[in-house]
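Coordinates from data-v5.pdb are shown below (PDB, C-alpha atoms).
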ATOM      1  CA  MET A   1      34.914  69.565 165.998  1.00  0.00           C
ATOM      2  CA  THR A   2      36.579  66.270 165.161  1.00  0.00           C
ATOM      3  CA  THR A   3      39.531  65.037 167.145  1.00  0.00           C
ATOM      4  CA  SER A   4      42.509  63.014 166.014  1.00  0.00           C
ATOM      5  CA  PRO A   5      42.381  59.296 166.759  1.00  0.00           C
ATOM      6  CA  ASP A   6      45.676  57.884 167.939  1.00  0.00           C
ATOM      7  CA  VAL A   7      47.375  54.612 167.265  1.00  0.00           C
ATOM      8  CA  SER A   8      46.459  51.921 169.740  1.00  0.00           C
ATOM      9  CA  ARG A   9      45.670  48.240 169.587  1.00  0.00           C
ATOM     10  CA  GLY A  10      43.682  47.260 166.518  1.00  0.00           C
ATOM     11  CA  ARG A  11      44.892  50.109 164.339  1.00  0.00           C
ATOM     12  CA  THR A  12      46.957  50.025 161.157  1.00  0.00           C
ATOM     13  CA  ALA A  13      50.199  51.790 160.237  1.00  0.00           C
ATOM     14  CA  LEU A  14      52.315  52.136 157.114  1.00  0.00           C
ATOM     15  CA  VAL A  15      56.063  52.402 157.692  1.00  0.00           C
ATOM     16  CA  THR A  16      58.204  53.370 154.718  1.00  0.00           C
ATOM     17  CA  GLY A  17      61.783  52.192 154.590  1.00  0.00           C
ATOM     18  CA  ALA A  18      60.866  49.318 156.912  1.00  0.00           C
ATOM     19  CA  SER A  19      63.341  46.869 155.396  1.00  0.00           C
ATOM     20  CA  GLY A  20      66.133  47.781 157.790  1.00  0.00           C
ATOM     21  CA  GLY A  21      67.660  50.280 160.192  1.00  0.00           C
ATOM     22  CA  ILE A  22      65.345  52.785 161.839  1.00  0.00           C
ATOM     23  CA  GLY A  23      62.366  51.794 159.669  1.00  0.00           C
ATOM     24  CA  ARG A  24      62.535  48.157 160.732  1.00  0.00           C
ATOM     25  CA  ALA A  25      62.904  49.157 164.392  1.00  0.00           C
ATOM     26  CA  VAL A  26      59.833  51.402 164.105  1.00  0.00           C
ATOM     27  CA  ALA A  27      57.777  48.663 162.446  1.00  0.00           C
ATOM     28  CA  LEU A  28      58.662  46.125 165.143  1.00  0.00           C
ATOM     29  CA  ALA A  29      58.062  48.577 167.993  1.00  0.00           C
ATOM     30  CA  LEU A  30      54.606  49.429 166.663  1.00  0.00           C
ATOM     31  CA  ALA A  31      53.777  45.749 166.224  1.00  0.00           C
ATOM     32  CA  ARG A  32      54.790  45.054 169.816  1.00  0.00           C
ATOM     33  CA  ASP A  33      52.356  47.802 170.789  1.00  0.00           C
ATOM     34  CA  GLY A  34      49.553  45.938 169.027  1.00  0.00           C
ATOM     35  CA  VAL A  35      49.511  47.894 165.750  1.00  0.00           C
ATOM     36  CA  ARG A  36      49.036  46.105 162.422  1.00  0.00           C
ATOM     37  CA  VAL A  37      51.950  47.287 160.279  1.00  0.00           C
ATOM     38  CA  ALA A  38      52.139  47.525 156.511  1.00  0.00           C
ATOM     39  CA  VAL A  39      55.738  47.305 155.330  1.00  0.00           C
ATOM     40  CA  HIS A  40      57.191  49.400 152.526  1.00  0.00           C
ATOM     41  CA  GLY A  41      60.548  48.566 151.009  1.00  0.00           C
ATOM     42  CA  ARG A  42      62.421  48.606 147.734  1.00  0.00           C
ATOM     43  CA  ASP A  43      63.950  45.132 147.987  1.00  0.00           C
ATOM     44  CA  ARG A  44      61.543  42.172 148.058  1.00  0.00           C
ATOM     45  CA  ALA A  45      63.701  39.860 150.184  1.00  0.00           C
ATOM     46  CA  ARG A  46      64.407  42.451 152.872  1.00  0.00           C
ATOM     47  CA  ALA A  47      60.797  43.638 152.982  1.00  0.00           C
ATOM     48  CA  ASP A  48      59.581  40.051 153.286  1.00  0.00           C
ATOM     49  CA  ALA A  49      62.036  39.473 156.143  1.00  0.00           C
ATOM     50  CA  THR A  50      60.558  42.392 158.069  1.00  0.00           C
ATOM     51  CA  ALA A  51      57.033  41.201 157.310  1.00  0.00           C
ATOM     52  CA  ALA A  52      57.934  37.730 158.613  1.00  0.00           C
ATOM     53  CA  ALA A  53      59.223  39.237 161.861  1.00  0.00           C
ATOM     54  CA  LEU A  54      56.010  41.215 162.170  1.00  0.00           C
ATOM     55  CA  GLY A  55      54.010  38.033 161.603  1.00  0.00           C
ATOM     56  CA  GLU A  56      55.518  36.584 164.751  1.00  0.00           C
ATOM     57  CA  LEU A  57      54.185  39.563 166.725  1.00  0.00           C
ATOM     58  CA  GLY A  58      50.686  39.706 165.289  1.00  0.00           C
ATOM     59  CA  ALA A  59      48.878  40.253 162.015  1.00  0.00           C
ATOM     60  CA  PRO A  60      50.925  42.201 159.440  1.00  0.00           C
ATOM     61  CA  ALA A  61      48.970  44.501 157.146  1.00  0.00           C
ATOM     62  CA  GLY A  62      50.789  43.705 153.909  1.00  0.00           C
ATOM     63  CA  THR A  63      53.957  44.472 151.975  1.00  0.00           C
ATOM     64  CA  PHE A  64      54.347  47.282 149.461  1.00  0.00           C
ATOM     65  CA  LEU A  65      57.296  47.524 147.077  1.00  0.00           C
ATOM     66  CA  ALA A  66      58.172  50.870 145.527  1.00  0.00           C
ATOM     67  CA  ASP A  67      61.284  52.732 144.432  1.00  0.00           C
ATOM     68  CA  LEU A  68      60.756  56.149 145.982  1.00  0.00           C
ATOM     69  CA  ALA A  69      63.657  57.590 143.987  1.00  0.00           C
ATOM     70  CA  ALA A  70      61.661  57.080 140.782  1.00  0.00           C
ATOM     71  CA  ALA A  71      59.623  60.052 139.626  1.00  0.00           C
ATOM     72  CA  ASP A  72      56.338  58.143 139.799  1.00  0.00           C
ATOM     73  CA  GLY A  73      57.256  55.919 142.775  1.00  0.00           C
ATOM     74  CA  PRO A  74      55.710  57.949 145.629  1.00  0.00           C
ATOM     75  CA  ALA A  75      52.420  58.609 143.836  1.00  0.00           C
ATOM     76  CA  GLN A  76      52.122  54.947 142.854  1.00  0.00           C
ATOM     77  CA  LEU A  77      52.683  53.914 146.477  1.00  0.00           C
ATOM     78  CA  VAL A  78      49.915  56.250 147.648  1.00  0.00           C
ATOM     79  CA  GLU A  79      47.597  54.817 145.000  1.00  0.00           C
ATOM     80  CA  GLU A  80      48.411  51.217 145.930  1.00  0.00           C
ATOM     81  CA  VAL A  81      48.029  51.778 149.683  1.00  0.00           C
ATOM     82  CA  THR A  82      44.668  53.503 149.331  1.00  0.00           C
ATOM     83  CA  ALA A  83      43.466  50.762 146.973  1.00  0.00           C
ATOM     84  CA  ARG A  84      44.595  47.771 149.042  1.00  0.00           C
ATOM     85  CA  LEU A  85      43.991  48.927 152.601  1.00  0.00           C
ATOM     86  CA  PRO A  86      40.522  49.915 153.825  1.00  0.00           C
ATOM     87  CA  ALA A  87      42.044  52.493 156.157  1.00  0.00           C
ATOM     88  CA  ILE A  88      45.254  53.427 157.945  1.00  0.00           C
ATOM     89  CA  ASP A  89      45.697  55.335 161.181  1.00  0.00           C
ATOM     90  CA  LEU A  90      49.404  56.128 161.054  1.00  0.00           C
ATOM     91  CA  VAL A  91      52.017  56.899 158.411  1.00  0.00           C
ATOM     92  CA  VAL A  92      55.668  56.875 159.439  1.00  0.00           C
ATOM     93  CA  ALA A  93      57.815  58.218 156.597  1.00  0.00           C
ATOM     94  CA  VAL A  94      61.246  56.801 157.416  1.00  0.00           C
ATOM     95  CA  ALA A  95      62.552  55.986 153.926  1.00  0.00           C
ATOM     96  CA  GLY A  96      65.590  58.028 152.962  1.00  0.00           C
ATOM     97  CA  ALA A  97      68.451  57.879 150.503  1.00  0.00           C
ATOM     98  CA  ASP A  98      71.621  56.280 151.873  1.00  0.00           C
ATOM     99  CA  THR A  99      74.474  58.431 150.592  1.00  0.00           C
ATOM    100  CA  ARG A 100      77.050  57.449 153.221  1.00  0.00           C
ATOM    101  CA  THR A 101      77.606  53.730 152.637  1.00  0.00           C
ATOM    102  CA  GLY A 102      78.231  51.457 149.663  1.00  0.00           C
ATOM    103  CA  GLU A 103      78.649  52.802 146.157  1.00  0.00           C
ATOM    104  CA  ALA A 104      76.768  56.016 146.992  1.00  0.00           C
ATOM    105  CA  ALA A 105      79.493  57.098 149.415  1.00  0.00           C
ATOM    106  CA  GLY A 106      81.682  57.803 146.393  1.00  0.00           C
ATOM    107  CA  TRP A 107      79.125  59.873 144.532  1.00  0.00           C
ATOM    108  CA  SER A 108      79.637  63.575 143.860  1.00  0.00           C
ATOM    109  CA  PHE A 109      78.009  66.168 146.119  1.00  0.00           C
ATOM    110  CA  GLU A 110      75.544  67.000 143.359  1.00  0.00           C
ATOM    111  CA  ARG A 111      74.461  63.396 142.827  1.00  0.00           C
ATOM    112  CA  LYS A 112      74.028  62.829 146.553  1.00  0.00           C
ATOM    113  CA  LEU A 113      71.922  65.979 146.809  1.00  0.00           C
ATOM    114  CA  GLU A 114      69.735  64.832 143.921  1.00  0.00           C
ATOM    115  CA  ALA A 115      69.119  61.480 145.644  1.00  0.00           C
ATOM    116  CA  LEU A 116      68.322  63.063 149.014  1.00  0.00           C
ATOM    117  CA  LEU A 117      65.922  65.555 147.478  1.00  0.00           C
ATOM    118  CA  ALA A 118      64.129  62.817 145.545  1.00  0.00           C
ATOM    119  CA  VAL A 119      63.635  60.387 148.442  1.00  0.00           C
ATOM    120  CA  ASP A 120      63.902  62.325 151.692  1.00  0.00           C
ATOM    121  CA  VAL A 121      62.067  65.436 150.503  1.00  0.00           C
ATOM    122  CA  THR A 122      59.859  64.764 147.473  1.00  0.00           C
ATOM    123  CA  ALA A 123      58.809  61.231 148.411  1.00  0.00           C
ATOM    124  CA  THR A 124      58.221  62.142 152.060  1.00  0.00           C
ATOM    125  CA  GLY A 125      56.144  65.150 151.057  1.00  0.00           C
ATOM    126  CA  THR A 126      54.104  63.265 148.470  1.00  0.00           C
ATOM    127  CA  LEU A 127      53.369  60.339 150.801  1.00  0.00           C
ATOM    128  CA  ALA A 128      52.675  62.357 153.929  1.00  0.00           C
ATOM    129  CA  ARG A 129      50.456  64.807 152.077  1.00  0.00           C
ATOM    130  CA  GLY A 130      48.602  62.233 149.977  1.00  0.00           C
ATOM    131  CA  LEU A 131      47.949  59.749 152.760  1.00  0.00           C
ATOM    132  CA  GLY A 132      47.417  62.504 155.307  1.00  0.00           C
ATOM    133  CA  HIS A 133      44.567  64.007 153.279  1.00  0.00           C
ATOM    134  CA  TRP A 134      43.158  60.494 152.752  1.00  0.00           C
ATOM    135  CA  MET A 135      43.110  59.917 156.515  1.00  0.00           C
ATOM    136  CA  ARG A 136      41.570  63.332 157.138  1.00  0.00           C
ATOM    137  CA  ALA A 137      38.704  62.514 154.760  1.00  0.00           C
ATOM    138  CA  ARG A 138      38.016  59.369 156.817  1.00  0.00           C
ATOM    139  CA  ASP A 139      38.510  59.170 160.569  1.00  0.00           C
ATOM    140  CA  GLY A 140      41.742  61.109 160.961  1.00  0.00           C
ATOM    141  CA  GLY A 141      45.096  59.763 162.082  1.00  0.00           C
ATOM    142  CA  THR A 142      48.740  60.574 162.652  1.00  0.00           C
ATOM    143  CA  VAL A 143      51.774  61.255 160.461  1.00  0.00           C
ATOM    144  CA  VAL A 144      55.369  61.076 161.685  1.00  0.00           C
ATOM    145  CA  THR A 145      58.314  62.186 159.567  1.00  0.00           C
ATOM    146  CA  ILE A 146      62.059  61.858 160.167  1.00  0.00           C
ATOM    147  CA  GLY A 147      64.294  64.926 160.356  1.00  0.00           C
ATOM    148  CA  TRP A 148      67.795  65.556 161.716  1.00  0.00           C
ATOM    149  CA  ASP A 149      68.720  67.227 164.976  1.00  0.00           C
ATOM    150  CA  GLN A 150      71.481  69.395 163.511  1.00  0.00           C
ATOM    151  CA  ALA A 151      69.501  70.711 160.544  1.00  0.00           C
ATOM    152  CA  GLU A 152      68.654  73.850 162.502  1.00  0.00           C
ATOM    153  CA  THR A 153      72.070  74.355 164.113  1.00  0.00           C
ATOM    154  CA  GLY A 154      74.352  73.344 161.263  1.00  0.00           C
ATOM    155  CA  MET A 155      77.248  70.913 160.882  1.00  0.00           C
ATOM    156  CA  GLU A 156      80.428  71.370 158.888  1.00  0.00           C
ATOM    157  CA  GLY A 157      81.298  69.319 155.815  1.00  0.00           C
ATOM    158  CA  ASP A 158      79.505  67.792 152.857  1.00  0.00           C
ATOM    159  CA  SER A 159      77.227  65.552 154.930  1.00  0.00           C
ATOM    160  CA  GLY A 160      76.191  68.459 157.150  1.00  0.00           C
ATOM    161  CA  GLU A 161      75.324  70.593 154.139  1.00  0.00           C
ATOM    162  CA  LEU A 162      73.490  67.776 152.371  1.00  0.00           C
ATOM    163  CA  PHE A 163      71.362  66.741 155.322  1.00  0.00           C
ATOM    164  CA  ALA A 164      70.661  70.338 156.284  1.00  0.00           C
ATOM    165  CA  VAL A 165      69.021  70.864 152.892  1.00  0.00           C
ATOM    166  CA  ALA A 166      67.032  67.621 152.923  1.00  0.00           C
ATOM    167  CA  LYS A 167      66.045  67.236 156.555  1.00  0.00           C
ATOM    168  CA  GLY A 168      65.598  70.958 157.129  1.00  0.00           C
ATOM    169  CA  ALA A 169      63.007  70.852 154.353  1.00  0.00           C
ATOM    170  CA  VAL A 170      61.261  67.859 155.940  1.00  0.00           C
ATOM    171  CA  MET A 171      61.051  69.591 159.315  1.00  0.00           C
ATOM    172  CA  ALA A 172      59.631  72.795 157.812  1.00  0.00           C
ATOM    173  CA  PHE A 173      57.176  70.787 155.719  1.00  0.00           C
ATOM    174  CA  THR A 174      56.015  68.879 158.800  1.00  0.00           C
ATOM    175  CA  ARG A 175      55.055  72.094 160.578  1.00  0.00           C
ATOM    176  CA  SER A 176      53.076  73.312 157.569  1.00  0.00           C
ATOM    177  CA  LEU A 177      51.327  69.989 156.926  1.00  0.00           C
ATOM    178  CA  ALA A 178      50.261  69.911 160.578  1.00  0.00           C
ATOM    179  CA  ARG A 179      48.419  73.183 160.009  1.00  0.00           C
ATOM    180  CA  SER A 180      46.833  71.905 156.816  1.00  0.00           C
ATOM    181  CA  LEU A 181      45.526  68.666 158.340  1.00  0.00           C
ATOM    182  CA  ALA A 182      44.508  69.882 161.806  1.00  0.00           C
ATOM    183  CA  PRO A 183      42.532  69.048 163.813  1.00  0.00           C
ATOM    184  CA  SER A 184      41.802  65.499 162.630  1.00  0.00           C
ATOM    185  CA  VAL A 185      45.340  64.465 161.657  1.00  0.00           C
ATOM    186  CA  ARG A 186      48.356  65.146 163.874  1.00  0.00           C
ATOM    187  CA  VAL A 187      51.713  65.608 162.121  1.00  0.00           C
ATOM    188  CA  ASN A 188      55.026  65.516 163.986  1.00  0.00           C
ATOM    189  CA  CYS A 189      58.696  64.898 163.241  1.00  0.00           C
ATOM    190  CA  VAL A 190      61.369  62.911 165.064  1.00  0.00           C
ATOM    191  CA  ALA A 191      64.845  64.399 164.605  1.00  0.00           C
ATOM    192  CA  PRO A 192      67.512  61.792 165.419  1.00  0.00           C
ATOM    193  CA  GLY A 193      71.069  62.666 166.355  1.00  0.00           C
ATOM    194  CA  TRP A 194      73.975  60.216 166.246  1.00  0.00           C
ATOM    195  CA  ILE A 195      72.204  56.885 165.687  1.00  0.00           C
ATOM    196  CA  ARG A 196      74.201  53.693 165.224  1.00  0.00           C
ATOM    197  CA  THR A 197      72.825  52.449 161.919  1.00  0.00           C
ATOM    198  CA  ALA A 198      74.906  50.828 159.167  1.00  0.00           C
ATOM    199  CA  TRP A 199      77.141  53.881 158.754  1.00  0.00           C
ATOM    200  CA  GLY A 200      77.674  54.301 162.496  1.00  0.00           C
ATOM    201  CA  GLU A 201      78.653  50.683 162.970  1.00  0.00           C
ATOM    202  CA  ASN A 202      81.570  51.107 160.566  1.00  0.00           C
ATOM    203  CA  ALA A 203      82.467  54.755 161.183  1.00  0.00           C
ATOM    204  CA  SER A 204      86.059  55.710 161.907  1.00  0.00           C
ATOM    205  CA  ASP A 205      87.397  56.111 165.448  1.00  0.00           C
ATOM    206  CA  THR A 206      87.158  59.879 165.008  1.00  0.00           C
ATOM    207  CA  TRP A 207      83.425  59.700 164.368  1.00  0.00           C
ATOM    208  CA  GLN A 208      82.942  57.105 167.106  1.00  0.00           C
ATOM    209  CA  ARG A 209      84.520  59.431 169.663  1.00  0.00           C
ATOM    210  CA  ARG A 210      82.641  62.447 168.346  1.00  0.00           C
ATOM    211  CA  ALA A 211      79.237  60.753 168.588  1.00  0.00           C
ATOM    212  CA  VAL A 212      79.857  59.843 172.228  1.00  0.00           C
ATOM    213  CA  ARG A 213      81.375  63.222 173.085  1.00  0.00           C
ATOM    214  CA  GLU A 214      78.452  65.179 171.644  1.00  0.00           C
ATOM    215  CA  SER A 215      75.864  63.230 173.628  1.00  0.00           C
ATOM    216  CA  MET A 216      75.153  64.351 177.176  1.00  0.00           C
ATOM    217  CA  LEU A 217      74.339  60.700 177.857  1.00  0.00           C
ATOM    218  CA  GLY A 218      77.737  59.590 176.609  1.00  0.00           C
ATOM    219  CA  ARG A 219      76.645  57.043 174.014  1.00  0.00           C
ATOM    220  CA  TRP A 220      75.374  56.494 170.504  1.00  0.00           C
ATOM    221  CA  GLY A 221      71.646  56.371 170.018  1.00  0.00           C
ATOM    222  CA  THR A 222      70.031  53.237 168.607  1.00  0.00           C
ATOM    223  CA  PRO A 223      67.229  52.653 166.099  1.00  0.00           C
ATOM    224  CA  ASP A 224      65.145  51.459 169.060  1.00  0.00           C
ATOM    225  CA  ASP A 225      65.561  54.876 170.717  1.00  0.00           C
ATOM    226  CA  VAL A 226      64.067  56.524 167.634  1.00  0.00           C
ATOM    227  CA  ALA A 227      61.324  53.894 167.403  1.00  0.00           C
ATOM    228  CA  ALA A 228      60.283  54.540 171.003  1.00  0.00           C
ATOM    229  CA  ALA A 229      59.809  58.233 170.213  1.00  0.00           C
ATOM    230  CA  VAL A 230      57.680  57.386 167.180  1.00  0.00           C
ATOM    231  CA  VAL A 231      55.486  55.036 169.220  1.00  0.00           C
ATOM    232  CA  TRP A 232      54.958  57.775 171.807  1.00  0.00           C
ATOM    233  CA  LEU A 233      54.068  60.431 169.204  1.00  0.00           C
ATOM    234  CA  ALA A 234      51.550  58.018 167.675  1.00  0.00           C
ATOM    235  CA  SER A 235      49.945  57.217 171.033  1.00  0.00           C
ATOM    236  CA  PRO A 236      47.151  58.855 173.033  1.00  0.00           C
ATOM    237  CA  ALA A 237      49.847  60.138 175.406  1.00  0.00           C
ATOM    238  CA  ALA A 238      50.838  62.641 172.684  1.00  0.00           C
ATOM    239  CA  SER A 239      47.287  63.572 171.661  1.00  0.00           C
ATOM    240  CA  PHE A 240      47.928  67.290 172.306  1.00  0.00           C
ATOM    241  CA  CYS A 241      51.136  67.403 170.229  1.00  0.00           C
ATOM    242  CA  THR A 242      51.172  68.424 166.579  1.00  0.00           C
ATOM    243  CA  GLY A 243      53.509  70.421 164.374  1.00  0.00           C
ATOM    244  CA  GLU A 244      56.415  69.552 166.663  1.00  0.00           C
ATOM    245  CA  VAL A 245      59.988  68.387 166.026  1.00  0.00           C
ATOM    246  CA  LEU A 246      61.207  66.025 168.742  1.00  0.00           C
ATOM    247  CA  ALA A 247      64.988  65.642 168.986  1.00  0.00           C
ATOM    248  CA  VAL A 248      66.213  62.174 169.934  1.00  0.00           C
ATOM    249  CA  ASN A 249      69.913  62.843 170.412  1.00  0.00           C
ATOM    250  CA  GLY A 250      70.982  62.170 173.974  1.00  0.00           C
ATOM    251  CA  GLY A 251      70.980  65.878 174.753  1.00  0.00           C
ATOM    252  CA  PHE A 252      73.224  67.002 171.875  1.00  0.00           C
ATOM    253  CA  ARG A 253      75.983  69.373 172.885  1.00  0.00           C
ATOM    254  CA  ARG A 254      78.757  71.161 171.014  1.00  0.00           C
ATOM    255  CA  ALA A 255      82.104  70.033 172.407  1.00  0.00           C
TER
END

Please render this file's structure as structure tokens.
Amino acid sequence: MTTSPDVSRGRTALVTGASGGIGRAVALALARDGVRVAVHGRDRARADATAAALGELGAPAGTFLADLAAADGPAQLVEEVTARLPAIDLVVAVAGADTRTGEAAGWSFERKLEALLAVDVTATGTLARGLGHWMRARDGGTVVTIGWDQAETGMEGDSGELFAVAKGAVMAFTRSLARSLAPSVRVNCVAPGWIRTAWGENASDTWQRRAVRESMLGRWGTPDDVAAAVVWLASPAASFCTGEVLAVNGGFRRA
């Protein structure tokens, strides 16, 4: 029986959505752990900035540009990665649609749902499945997806409903893909809670107080908190973990 190799020094990872926020934090944390990181982004300048930061930590594994909201974007990214890289050991599917800041914040519920389904669900599934099977046919590896801690408990309002649909699907998919790819590829999900990304930095006082109140640790989480969980799941320390959803939420509590 084959066993799943885990990310360690000398291995290669692909991080989607690595241009900023949680994706960038994950890419940098892996690089500090000695992993060669291939950067995916939609914007050339931002992706190149992450790649430059990775270059200061070691040898980056390349930059891949793709619009994962486009119908053919995810499949083209899989094709390009498998053509350009001899092998990868880890896929971290962080890329997601931002429907809470900028122009998208004013979109209708239906348009936001369409964007989340395209990027968070369809693109994540296509990439994780395509690259996961590619790794299984070689030497195995690890896949980490990104969920949401309240997808299984529920949260009121449009955002709660939207993210329950999208991230609930990702979490269920993760459990099934883990069964499909076992034993040579481990598949797990990190489910963040209140993380201070771009939206959190500019959220109203009401949301600021709520995020702190609903954490048993009394603070917002950071992208680095999520990145640390990803690094652990990709390491030999988690070699007996697959099909799991790990909440990173400061001990979420209903207040």

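Using only C-alpha atoms, the shortest contact distance between A:Ala70 and any of A:Leu131, A:Ala51, A:Ala97, A:Ala18 is found at A:Ala97.
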
Can you work out which one of A:Ala69, A:Leu14, A:Cys189, A:Leu162 has the shortest atom-to-atom distance to A:Val37, counting all atoms listed in the file?
A:Leu14

Atom CA of A:Gly62 and atom CA of A:Ala38 are how many Å apart?
4.8 Å

Nearest-residue call for A:Ala59, choices A:Ala75, A:Ala13, A:Val26, A:Ala166, using all atoms listed in the file:
A:Ala13

Interatomic distance, atom CA of A:Thr145 to atom CA of A:Gln208 (Å, one decimal)
26.3 Å

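Put simply, atom CA of A:Phe163 is 18.9 Å away from atom CA of A:Thr126.
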
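Nearest-residue note for A:Ala128: choosing from A:Leu177, A:Val165, A:Ala228, A:Ala49, the minimum distance belongs to A:Leu177, counting all atoms listed in the file.
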
Give me the residues of stretch 130-186 of chain A that have any atom at most 12 Å from an atom of stretch 116-121 of chain A; for each, the nearest atom pair and the distance in Å, rounded to one decimal. Use all atoms listed in the file, sort by chain and number, and format it as a Markdown table.
| residue | atom | partner | partner_atom | distance |
| --- | --- | --- | --- | --- |
| A:Thr145 | CA | A:Asp120 | CA | 9.7 |
| A:Ile146 | CA | A:Asp120 | CA | 8.7 |
| A:Gly147 | CA | A:Asp120 | CA | 9.1 |
| A:Trp148 | CA | A:Asp120 | CA | 11.2 |
| A:Ser159 | CA | A:Leu116 | CA | 11.0 |
| A:Glu161 | CA | A:Leu116 | CA | 11.5 |
| A:Leu162 | CA | A:Leu116 | CA | 7.8 |
| A:Phe163 | CA | A:Leu116 | CA | 7.9 |
| A:Ala164 | CA | A:Leu116 | CA | 10.5 |
| A:Val165 | CA | A:Leu117 | CA | 8.2 |
| A:Ala166 | CA | A:Leu117 | CA | 5.9 |
| A:Lys167 | CA | A:Asp120 | CA | 7.2 |
| A:Gly168 | CA | A:Val121 | CA | 9.3 |
| A:Ala169 | CA | A:Val121 | CA | 6.7 |
| A:Val170 | CA | A:Val121 | CA | 6.0 |
| A:Met171 | CA | A:Val121 | CA | 9.8 |
| A:Ala172 | CA | A:Val121 | CA | 10.7 |
| A:Phe173 | CA | A:Val121 | CA | 8.9 |
| A:Thr174 | CA | A:Val121 | CA | 10.8 |

Output check: residues returned by the PyMOL selection byres ((chain A and resi 248) around 10), as a PyMOL selection string
chain A and resi 148-149+190-195+221-222+225-229+245-247+249-252
